[in-house]
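What follows is the content of upload-v1.txt (compact mmCIF, C-alpha atoms).
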# COMPACT_ATOMS: atom_id res chain seq x y z
CA MET A 1 4.06 10.76 -5.31
CA ALA A 2 7.07 8.49 -5.08
CA THR A 3 5.98 4.85 -5.26
CA LEU A 4 8.01 1.65 -4.82
CA TYR A 5 6.81 -1.61 -6.34
CA LEU A 6 8.10 -4.95 -5.05
CA ASP A 7 8.48 -7.34 -7.98
CA CYS A 8 8.76 -10.58 -6.00
CA PHE A 9 9.34 -13.02 -8.87
CA SER A 10 11.69 -15.00 -6.60
CA GLY A 11 10.12 -14.16 -3.26
CA ILE A 12 11.34 -11.76 -0.62
CA SER A 13 13.45 -11.67 2.51
CA GLY A 14 14.53 -8.79 4.69
CA ASP A 15 18.11 -8.74 3.39
CA MET A 16 16.92 -8.90 -0.24
CA PHE A 17 14.63 -5.87 0.35
CA LEU A 18 17.40 -3.88 2.02
CA GLY A 19 19.94 -4.96 -0.61
CA ALA A 20 17.61 -3.72 -3.38
CA LEU A 21 17.35 -0.32 -1.65
CA VAL A 22 21.16 -0.11 -1.45
CA HIS A 23 21.46 -1.13 -5.11
CA HIS A 24 19.00 1.62 -6.02
CA GLY A 25 20.96 4.31 -4.20
CA LEU A 26 20.65 4.07 -0.42
CA SER A 27 24.21 4.63 0.81
CA LEU A 28 25.86 2.42 3.41
CA ALA A 29 26.91 5.59 5.24
CA ASP A 30 23.26 6.66 5.57
CA LEU A 31 22.28 3.13 6.57
CA ARG A 32 24.96 3.00 9.26
CA GLY A 33 23.93 6.46 10.47
CA LEU A 34 20.33 5.28 10.75
CA LEU A 35 21.31 2.21 12.76
CA ALA A 36 23.67 4.19 14.98
CA GLY A 37 20.60 5.42 16.87
CA PHE A 38 19.68 1.87 17.89
CA PRO A 39 20.62 0.87 21.48
CA LEU A 40 22.80 -2.06 20.36
CA PRO A 41 26.42 -2.35 19.23
CA LEU A 42 26.47 -1.44 15.54
CA PRO A 43 27.09 -4.59 13.46
CA ASP A 44 29.48 -4.57 10.56
CA ILE A 45 27.49 -4.21 7.32
CA GLU A 46 28.98 -4.92 3.93
CA ALA A 47 27.43 -4.65 0.47
CA GLU A 48 28.70 -7.15 -2.08
CA THR A 49 28.06 -6.51 -5.75
CA VAL A 50 27.07 -9.79 -7.39
CA SER A 51 25.64 -11.06 -10.65
CA ASP A 52 22.85 -13.62 -10.75
CA GLY A 53 21.64 -14.75 -14.15
CA GLY A 54 23.59 -11.90 -15.70
CA ILE A 55 21.76 -9.29 -13.60
CA GLY A 56 23.80 -7.07 -11.28
CA ALA A 57 22.55 -6.89 -7.69
CA VAL A 58 23.61 -6.19 -4.10
CA ARG A 59 23.91 -8.91 -1.48
CA LEU A 60 24.15 -7.55 2.06
CA HIS A 61 26.26 -9.20 4.77
CA VAL A 62 25.58 -8.35 8.42
CA ALA A 63 28.09 -9.58 11.00
CA GLN A 64 26.17 -11.65 13.53
CA GLY A 65 27.53 -12.47 16.95
CA GLU A 66 26.32 -15.19 19.26
CA PRO A 67 22.72 -16.29 18.63
CA THR A 68 20.45 -14.16 20.80
CA ARG A 69 16.96 -14.96 22.02
CA ARG A 70 15.00 -11.74 22.30
CA THR A 71 11.32 -11.41 23.13
CA TRP A 72 8.93 -9.01 21.49
CA LYS A 73 9.03 -7.05 24.75
CA ASP A 74 12.83 -6.73 24.48
CA ILE A 75 12.68 -5.48 20.91
CA ARG A 76 9.78 -3.13 21.65
CA GLU A 77 11.73 -1.50 24.47
CA MET A 78 14.79 -1.11 22.23
CA LEU A 79 12.70 0.52 19.52
CA GLN A 80 11.21 2.92 22.06
CA ARG A 81 14.70 3.98 23.19
CA ALA A 82 16.17 4.19 19.68
CA ARG A 83 16.95 7.56 18.11
CA LEU A 84 14.68 7.14 15.11
CA GLU A 85 12.36 9.41 13.18
CA ALA A 86 8.87 8.93 14.65
CA GLY A 87 7.37 7.51 11.47
CA CYS A 88 10.22 5.00 11.11
CA ARG A 89 9.78 3.86 14.71
CA GLN A 90 6.04 3.35 14.21
CA ARG A 91 6.52 1.35 11.02
CA ALA A 92 9.25 -0.81 12.57
CA MET A 93 6.96 -1.40 15.57
CA LYS A 94 4.17 -2.46 13.20
CA VAL A 95 6.39 -4.96 11.36
CA PHE A 96 7.72 -6.54 14.55
CA SER A 97 4.21 -6.59 16.02
CA LEU A 98 2.97 -8.55 12.99
CA LEU A 99 5.81 -11.03 13.48
CA ALA A 100 5.06 -11.40 17.18
CA ALA A 101 1.34 -11.99 16.54
CA ALA A 102 2.08 -14.60 13.87
CA GLU A 103 4.61 -16.47 16.02
CA ALA A 104 2.22 -16.38 19.00
CA ARG A 105 -0.56 -17.96 16.93
CA VAL A 106 1.81 -20.65 15.64
CA HIS A 107 3.15 -21.55 19.09
CA GLY A 108 -0.03 -20.97 21.08
CA CYS A 109 1.38 -18.42 23.54
CA GLY A 110 1.09 -14.74 24.38
CA GLU A 111 2.82 -12.23 22.11
CA ASP A 112 5.14 -10.96 24.86
CA GLU A 113 6.18 -14.56 25.55
CA VAL A 114 7.33 -15.14 21.98
CA HIS A 115 11.08 -15.66 21.71
CA PHE A 116 12.36 -14.48 18.35
CA HIS A 117 15.17 -16.88 17.53
CA GLU A 118 16.08 -16.14 13.94
CA VAL A 119 14.16 -12.89 13.98
CA GLY A 120 15.73 -11.70 17.21
CA GLY A 121 19.21 -11.65 15.70
CA LEU A 122 21.00 -8.48 14.76
CA ASP A 123 20.64 -9.20 11.06
CA ALA A 124 16.83 -9.18 11.22
CA ILE A 125 16.80 -6.01 13.32
CA VAL A 126 19.08 -4.39 10.74
CA ASP A 127 16.80 -5.57 7.92
CA ILE A 128 13.58 -4.19 9.42
CA VAL A 129 14.93 -0.92 10.81
CA GLY A 130 17.08 -0.49 7.69
CA VAL A 131 14.18 -1.00 5.28
CA VAL A 132 11.73 1.35 7.01
CA GLY A 133 14.47 3.94 7.49
CA GLY A 134 15.73 3.48 3.94
CA LEU A 135 12.27 4.09 2.50
CA HIS A 136 12.13 7.31 4.51
CA LEU A 137 15.58 8.46 3.38
CA LEU A 138 14.73 7.72 -0.27
CA GLY A 139 11.50 9.72 0.00
CA ILE A 140 9.18 6.80 -0.80
CA ASP A 141 5.55 7.69 -0.16
CA SER A 142 3.86 4.36 -0.89
CA VAL A 143 4.73 0.68 -1.41
CA TYR A 144 2.89 -1.89 -3.53
CA SER A 145 3.72 -5.52 -4.17
CA SER A 146 3.19 -8.32 -6.65
CA PRO A 147 1.54 -11.55 -5.42
CA LEU A 148 4.04 -13.61 -3.43
CA PRO A 149 5.39 -16.97 -4.68
CA LEU A 150 5.53 -19.68 -2.03
CA GLY A 151 8.03 -22.53 -2.11
CA ARG A 152 7.53 -26.06 -0.84
CA GLY A 153 9.78 -28.41 1.05
CA TRP A 154 11.46 -28.08 4.43
CA VAL A 155 13.62 -25.54 6.23
CA ARG A 156 15.71 -25.91 9.38
CA ALA A 157 14.80 -23.48 12.17
CA ALA A 158 15.42 -23.11 15.90
CA HIS A 159 12.50 -25.46 16.61
CA GLY A 160 13.71 -28.07 14.12
CA MET A 161 12.53 -28.82 10.60
CA LEU A 162 9.54 -26.77 9.44
CA PRO A 163 7.39 -27.28 6.34
CA LEU A 164 7.45 -24.60 3.67
CA PRO A 165 5.98 -22.12 3.54
CA ALA A 166 6.93 -21.66 7.18
CA PRO A 167 3.96 -21.61 9.56
CA ALA A 168 4.64 -17.98 10.56
CA VAL A 169 4.65 -16.99 6.89
CA VAL A 170 1.28 -18.68 6.39
CA GLU A 171 -0.12 -16.71 9.33
CA LEU A 172 1.32 -13.43 8.07
CA LEU A 173 0.03 -13.84 4.52
CA ALA A 174 -3.61 -14.48 5.44
CA GLY A 175 -5.62 -12.47 2.93
CA VAL A 176 -2.60 -11.72 0.71
CA PRO A 177 -2.56 -12.98 -2.92
CA VAL A 178 -0.01 -15.78 -3.38
CA VAL A 179 1.09 -18.00 -6.29
CA ALA A 180 2.91 -21.30 -6.57
CA GLY A 181 6.70 -21.07 -6.37
CA ILE A 182 9.30 -23.84 -6.63
CA ASP A 183 10.06 -26.91 -4.56
CA ASN A 184 12.90 -27.31 -2.06
CA MET A 185 13.47 -23.64 -1.37
CA GLU A 186 12.18 -21.02 1.02
CA LEU A 187 11.10 -18.07 -1.13
CA VAL A 188 9.35 -15.88 1.44
CA THR A 189 10.87 -15.59 4.92
CA PRO A 190 8.92 -14.47 8.00
CA THR A 191 10.83 -11.15 8.03
CA GLY A 192 10.13 -10.60 4.33
CA ALA A 193 6.45 -11.45 4.77
CA ALA A 194 6.10 -9.08 7.74
CA LEU A 195 7.76 -6.24 5.81
CA VAL A 196 5.45 -6.68 2.83
CA VAL A 197 2.28 -6.97 4.91
CA GLY A 198 3.30 -4.11 7.18
CA LEU A 199 4.33 -1.69 4.43
CA ALA A 200 2.41 -2.50 1.24
CA ALA A 201 -0.73 -0.49 0.49
CA GLY A 202 -1.91 -3.09 -2.01
CA PHE A 203 -1.06 -6.14 -4.11
CA GLY A 204 -1.37 -6.69 -7.83
CA PRO A 205 0.20 -5.62 -11.13
CA ILE A 206 2.60 -2.71 -11.45
CA PRO A 207 0.70 0.54 -10.80
CA ALA A 208 0.65 3.20 -13.51
CA MET A 209 3.70 5.36 -12.87
CA HIS A 210 6.62 7.16 -14.54
CA LEU A 211 9.63 4.95 -13.80
CA SER A 212 12.67 6.68 -12.38
CA GLY A 213 14.82 3.77 -11.20
CA SER A 214 15.12 0.20 -10.03
CA GLY A 215 17.23 -1.98 -7.77
CA TYR A 216 18.00 -5.66 -7.26
CA GLY A 217 18.62 -7.41 -3.95
CA ALA A 218 20.25 -10.84 -4.05
CA GLY A 219 19.27 -13.77 -1.87
CA SER A 220 21.87 -15.83 -0.05
CA ARG A 221 21.09 -19.10 -1.89
CA ARG A 222 21.00 -20.27 -5.48
CA ARG A 223 17.67 -21.43 -6.84
CA PRO A 224 17.62 -25.15 -7.68
CA ASP A 225 16.10 -24.35 -11.08
CA GLY A 226 18.93 -21.96 -11.96
CA ASN A 227 16.73 -18.87 -12.25
CA PRO A 228 17.92 -15.62 -10.60
CA ASN A 229 17.22 -15.47 -6.88
CA LEU A 230 16.60 -11.73 -6.81
CA LEU A 231 14.08 -9.19 -5.56
CA ARG A 232 13.47 -6.31 -7.94
CA ILE A 233 12.18 -2.92 -6.85
CA LEU A 234 10.72 -0.44 -9.32
CA ILE A 235 10.52 3.19 -8.26
CA GLY A 236 8.63 5.99 -9.96
CA GLU A 237 6.16 8.81 -9.70
CA THR A 238 2.49 7.88 -9.73
CA GLU A 239 0.03 10.36 -11.15
CA PRO A 240 -2.34 12.15 -8.78
CA ARG A 241 -5.11 9.75 -7.89
CA GLY A 242 -7.80 11.64 -9.79
CA GLU A 243 -5.67 11.97 -12.97
CA SER A 244 -4.87 8.31 -13.63
CA ARG A 245 -5.51 7.58 -17.33
CA GLU A 246 -6.16 3.89 -16.64
CA ILE A 247 -8.75 2.91 -14.09
CA GLU A 248 -10.16 -0.31 -12.72
CA VAL A 249 -13.94 -0.75 -12.87
CA ILE A 250 -15.34 -3.08 -10.22
CA GLU A 251 -18.98 -4.19 -10.38
CA THR A 252 -21.36 -6.53 -8.61
CA ASN A 253 -25.17 -7.09 -8.58
CA ILE A 254 -26.78 -7.24 -5.13
CA ASP A 255 -30.41 -7.98 -4.24
CA ASP A 256 -30.28 -8.52 -0.47
CA LEU A 257 -28.56 -5.50 1.09
CA ALA A 258 -30.25 -2.96 3.36
CA PRO A 259 -30.17 0.66 2.06
CA GLU A 260 -28.30 1.97 5.10
CA ILE A 261 -25.58 -0.63 4.52
CA CYS A 262 -25.27 0.57 0.92
CA ALA A 263 -24.56 4.10 2.14
CA HIS A 264 -22.05 2.84 4.69
CA ALA A 265 -20.26 0.70 2.10
CA ALA A 266 -19.97 3.68 -0.26
CA GLU A 267 -18.44 5.81 2.50
CA ARG A 268 -15.93 3.09 3.35
CA LEU A 269 -14.94 2.63 -0.29
CA LEU A 270 -14.42 6.36 -0.84
CA ALA A 271 -12.38 6.61 2.35
CA ALA A 272 -10.24 3.68 1.13
CA GLY A 273 -9.33 5.49 -2.09
CA ALA A 274 -12.12 4.80 -4.59
CA LEU A 275 -12.38 7.49 -7.26
CA ASP A 276 -16.16 7.10 -7.53
CA VAL A 277 -18.88 4.84 -6.10
CA SER A 278 -22.38 4.53 -7.55
CA TRP A 279 -25.49 2.41 -6.95
CA SER A 280 -27.91 1.89 -9.86
CA PRO A 281 -31.29 0.08 -9.83
CA LEU A 282 -31.70 -3.00 -11.99
CA THR A 283 -33.90 -6.07 -12.32
CA MET A 284 -32.34 -9.49 -11.76
CA LYS A 285 -33.59 -12.99 -12.50
CA LYS A 286 -37.11 -13.87 -11.37
CA GLY A 287 -37.97 -10.18 -11.57
CA ARG A 288 -36.18 -9.25 -8.36
CA PRO A 289 -35.35 -5.56 -7.89
CA ALA A 290 -31.66 -5.16 -7.16
CA LEU A 291 -28.75 -2.73 -7.23
CA LEU A 292 -25.62 -2.53 -9.36
CA LEU A 293 -22.58 -1.39 -7.39
CA ARG A 294 -19.95 0.21 -9.61
CA VAL A 295 -16.61 1.38 -8.20
CA LEU A 296 -13.96 3.29 -10.16
CA ALA A 297 -10.44 2.98 -8.80
CA ASP A 298 -6.78 3.53 -9.45
CA PRO A 299 -5.55 0.03 -10.44
CA ALA A 300 -3.09 0.13 -7.54
CA ARG A 301 -6.04 0.30 -5.11
CA GLY A 302 -8.09 -2.39 -6.86
CA GLU A 303 -7.18 -5.32 -4.61
CA VAL A 304 -7.88 -3.37 -1.42
CA LEU A 305 -11.25 -2.14 -2.68
CA ARG A 306 -12.35 -5.54 -4.00
CA ARG A 307 -11.70 -7.09 -0.60
CA LEU A 308 -13.55 -4.23 1.09
CA ILE A 309 -16.62 -4.77 -1.10
CA LEU A 310 -16.72 -8.45 -0.15
CA ALA A 311 -16.35 -7.54 3.54
CA GLU A 312 -18.92 -4.71 3.68
CA THR A 313 -21.65 -6.08 1.39
CA THR A 314 -23.43 -9.37 0.79
CA ALA A 315 -21.74 -9.82 -2.60
CA ILE A 316 -20.25 -13.27 -3.18
CA GLY A 317 -18.56 -12.40 -6.46
CA LEU A 318 -17.21 -9.43 -8.40
CA ARG A 319 -16.42 -8.41 -11.95
CA TYR A 320 -13.50 -6.13 -12.64
CA ARG A 321 -11.70 -4.82 -15.68
CA ARG A 322 -9.30 -2.09 -16.83
CA GLU A 323 -10.57 0.87 -18.86
CA GLN A 324 -8.99 4.00 -20.30
CA ARG A 325 -10.32 7.41 -19.38
CA MET A 326 -9.66 11.04 -20.26
CA THR A 327 -9.85 13.85 -17.70
CA LEU A 328 -9.60 17.61 -17.94
CA GLY A 329 -7.01 19.53 -15.96
CA ARG A 330 -8.37 21.35 -12.93
CA ARG A 331 -7.36 23.24 -9.82
CA GLN A 332 -9.12 24.60 -6.74
CA ARG A 333 -9.81 28.32 -6.35
CA VAL A 334 -11.80 30.60 -4.04
CA LEU A 335 -14.31 33.24 -5.21
CA ALA A 336 -15.99 35.98 -3.20
CA THR A 337 -19.80 36.23 -2.96
CA PRO A 338 -21.99 38.71 -1.03
CA TRP A 339 -22.17 36.16 1.82
CA GLY A 340 -18.53 35.07 1.92
CA ASP A 341 -15.94 33.04 0.03
CA VAL A 342 -16.74 29.74 -1.66
CA GLU A 343 -14.55 27.11 -3.26
CA VAL A 344 -14.73 26.61 -7.01
CA LYS A 345 -13.03 24.29 -9.46
CA GLU A 346 -11.23 25.81 -12.43
CA VAL A 347 -11.53 23.29 -15.27
CA GLU A 348 -9.40 23.49 -18.42
CA THR A 349 -11.98 22.75 -21.13
CA PRO A 350 -11.25 22.69 -24.91
CA GLY A 351 -13.00 26.05 -25.10
CA GLY A 352 -10.98 27.62 -22.31
CA PRO A 353 -11.04 27.63 -18.51
CA GLU A 354 -14.38 27.43 -16.70
CA LEU A 355 -15.11 28.04 -13.03
CA ARG A 356 -17.53 25.57 -11.48
CA PRO A 357 -18.88 25.80 -7.91
CA GLU A 358 -18.13 23.15 -5.33
CA TYR A 359 -21.50 21.96 -4.07
CA GLU A 360 -20.55 21.33 -0.45
CA SER A 361 -18.87 24.72 -0.06
CA CYS A 362 -21.91 26.49 -1.56
CA ARG A 363 -24.31 24.46 0.57
CA GLN A 364 -22.49 25.35 3.79
CA LEU A 365 -22.46 29.04 2.86
CA ALA A 366 -26.17 28.99 1.97
CA LEU A 367 -27.05 27.40 5.32
CA ALA A 368 -24.88 29.84 7.26
CA ALA A 369 -26.30 32.88 5.44
CA GLY A 370 -29.92 31.65 5.39
CA VAL A 371 -30.27 32.09 1.62
CA PRO A 372 -31.41 29.63 -1.06
CA LEU A 373 -28.65 27.51 -2.52
CA ARG A 374 -29.52 28.63 -6.07
CA ARG A 375 -28.74 32.26 -5.12
CA VAL A 376 -25.25 31.22 -4.04
CA TYR A 377 -24.83 29.40 -7.36
CA ASP A 378 -26.01 32.50 -9.24
CA ALA A 379 -23.52 34.63 -7.33
CA VAL A 380 -20.73 32.24 -8.23
CA THR A 381 -21.77 32.46 -11.89
CA ARG A 382 -21.60 36.25 -11.82
CA ALA A 383 -18.28 36.22 -9.98
CA ALA A 384 -16.92 33.69 -12.47
CA ALA A 385 -18.00 35.91 -15.39
CA GLY A 386 -16.27 38.90 -13.81
CA ASP A 387 -13.15 36.83 -13.16
CA SER A 388 -12.83 35.68 -16.79
CA GLY A 389 -14.42 38.60 -18.60
CA GLU A 390 -16.87 36.14 -20.14
CA LYS A 391 -20.01 34.40 -19.07
CA GLY A 392 -19.09 31.79 -16.47
CA LYS A 393 -20.39 28.28 -16.80
CA CYS A 394 -21.53 26.63 -13.58
CA GLY A 395 -22.88 23.18 -13.07

Could you show the structure in this file as structure tokens?
Amino acid sequence: MATLYLDCFSGISGDMFLGALVHHGLSLADLRGLLAGFPLPLPDIEAETVSDGGIGAVRLHVAQGEPTRRTWKDIREMLQRARLEAGCRQRAMKVFSLLAAAEARVHGCGEDEVHFHEVGGLDAIVDIVGVVGGLHLLGIDSVYSSPLPLGRGWVRAAHGMLPLPAPAVVELLAGVPVVAGIDNMELVTPTGAALVVGLAAGFGPIPAMHLSGSGYGAGSRRRPDGNPNLLRILIGETEPRGESREIEVIETNIDDLAPEICAHAAERLLAAGALDVSWSPLTMKKGRPALLLRVLADPARGEVLRRLILAETTAIGLRYRREQRMTLGRRQRVLATPWGDVEVKEVETPGGPELRPEYESCRQLALAAGVPLRRVYDAVTRAAAGDSGEKGKCG
């Protein structure tokens, strides 16, 4: 599936994200068409090609009229009236909702009472609606991000001087991996933070994928250290989740978790994208019986799953590492038995294709027909042999 990775080596803002999409290939005509469905006068949008540190990028300019104070209620009503694809509307709602919740916590008021000063301007509305719509137009299925660098110093806002990172950014990035940035510059804006938190499926290194393109969005200021003030996006095709050649192995030893919680944790981890979850008995110090939890995951899902383990179990620490793996090609098929059809997996082994029964499908058929499960397996073996002209191998 098409994956976009946010390489935030110099932070992120809404206009940098949108500029990177335009640099990659999102046309201004499509962007203007997307925004034409919004119940506001269409602002003038220009894309300037710039070079920062010798790297070509796009810096977007959005004509902004008089400063406008809009509440979350105002923006929510506009989004509800806008002619937007349903998924784009929902994602834009999510991003603005995150902003409203963060600002409400900072100012100690209700979310509907929050007045978006900077965020309520046309430029921020263009950034958020443009980014979520741009991702849709470019066919992006998933977004991942690097850890976010945070600057230090001060920034002038509608309420006066604010310490960096801005309080709303701190609220938004709770639970998100961050690293030290540079002094005297805002690297992550509230809009940029809300877009990352609202859209990213995970944080960490670049996921395994076949690169197909990139894009650079330029910030409006020069970095005081002279380094490029750019956001880079990397776009490519990730392999199907079960076929990733590199996996992350996450482990922890636990000696104080109830068995029913173990089962629940495994279900949650599998639902969150784990490739496999296993519990193994072991003996810990002082002769205590315990369990080893081992989770196999696509590296892109590692951060999400590690946090889930710490939330759902009593573990207070984890081990994780990258490993290589080799998998055989396979596809799903259906075979007929005397009691009905069952699902099987056709596996491409070095000795040729083999048909292997899917346990759950066979179990359901055995229960429905009132026959032993082994008879269903035997029937699949015979059907597999007839299908291939050889003896089928089931297991």

Which distance in Å separates atom CA of Leu234 of chain A and atom CA of Leu4 of chain A, to one decimal? 5.7 Å

From the options A:Ala100, A:Leu230, A:Ala311, A:Ala297, which residue's atoms come nearest to Ile261 of chain A, counting all atoms listed in the file? A:Ala311

For atom CA of Gln324 of chain A and atom CA of Ile309 of chain A, determine how far apart the two atoms are, in Å to one decimal place. 22.4 Å

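Minimum distance to Ser212 of chain A across A:Ala193, A:Leu18, A:Ile235, A:Thr3 (counting all atoms listed in the file) occurs at A:Ile235.
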
Find the spatial neighbours of Arg307 of chain A, counting all atoms listed in the file, within a cut-off of 12 Å - ignore same-chain residues fewer than 2 positions away - and output them as a PyMOL selection string. chain A and resi 175-177+202-203+250+265+268-269+272+301-305+309-313+315-318
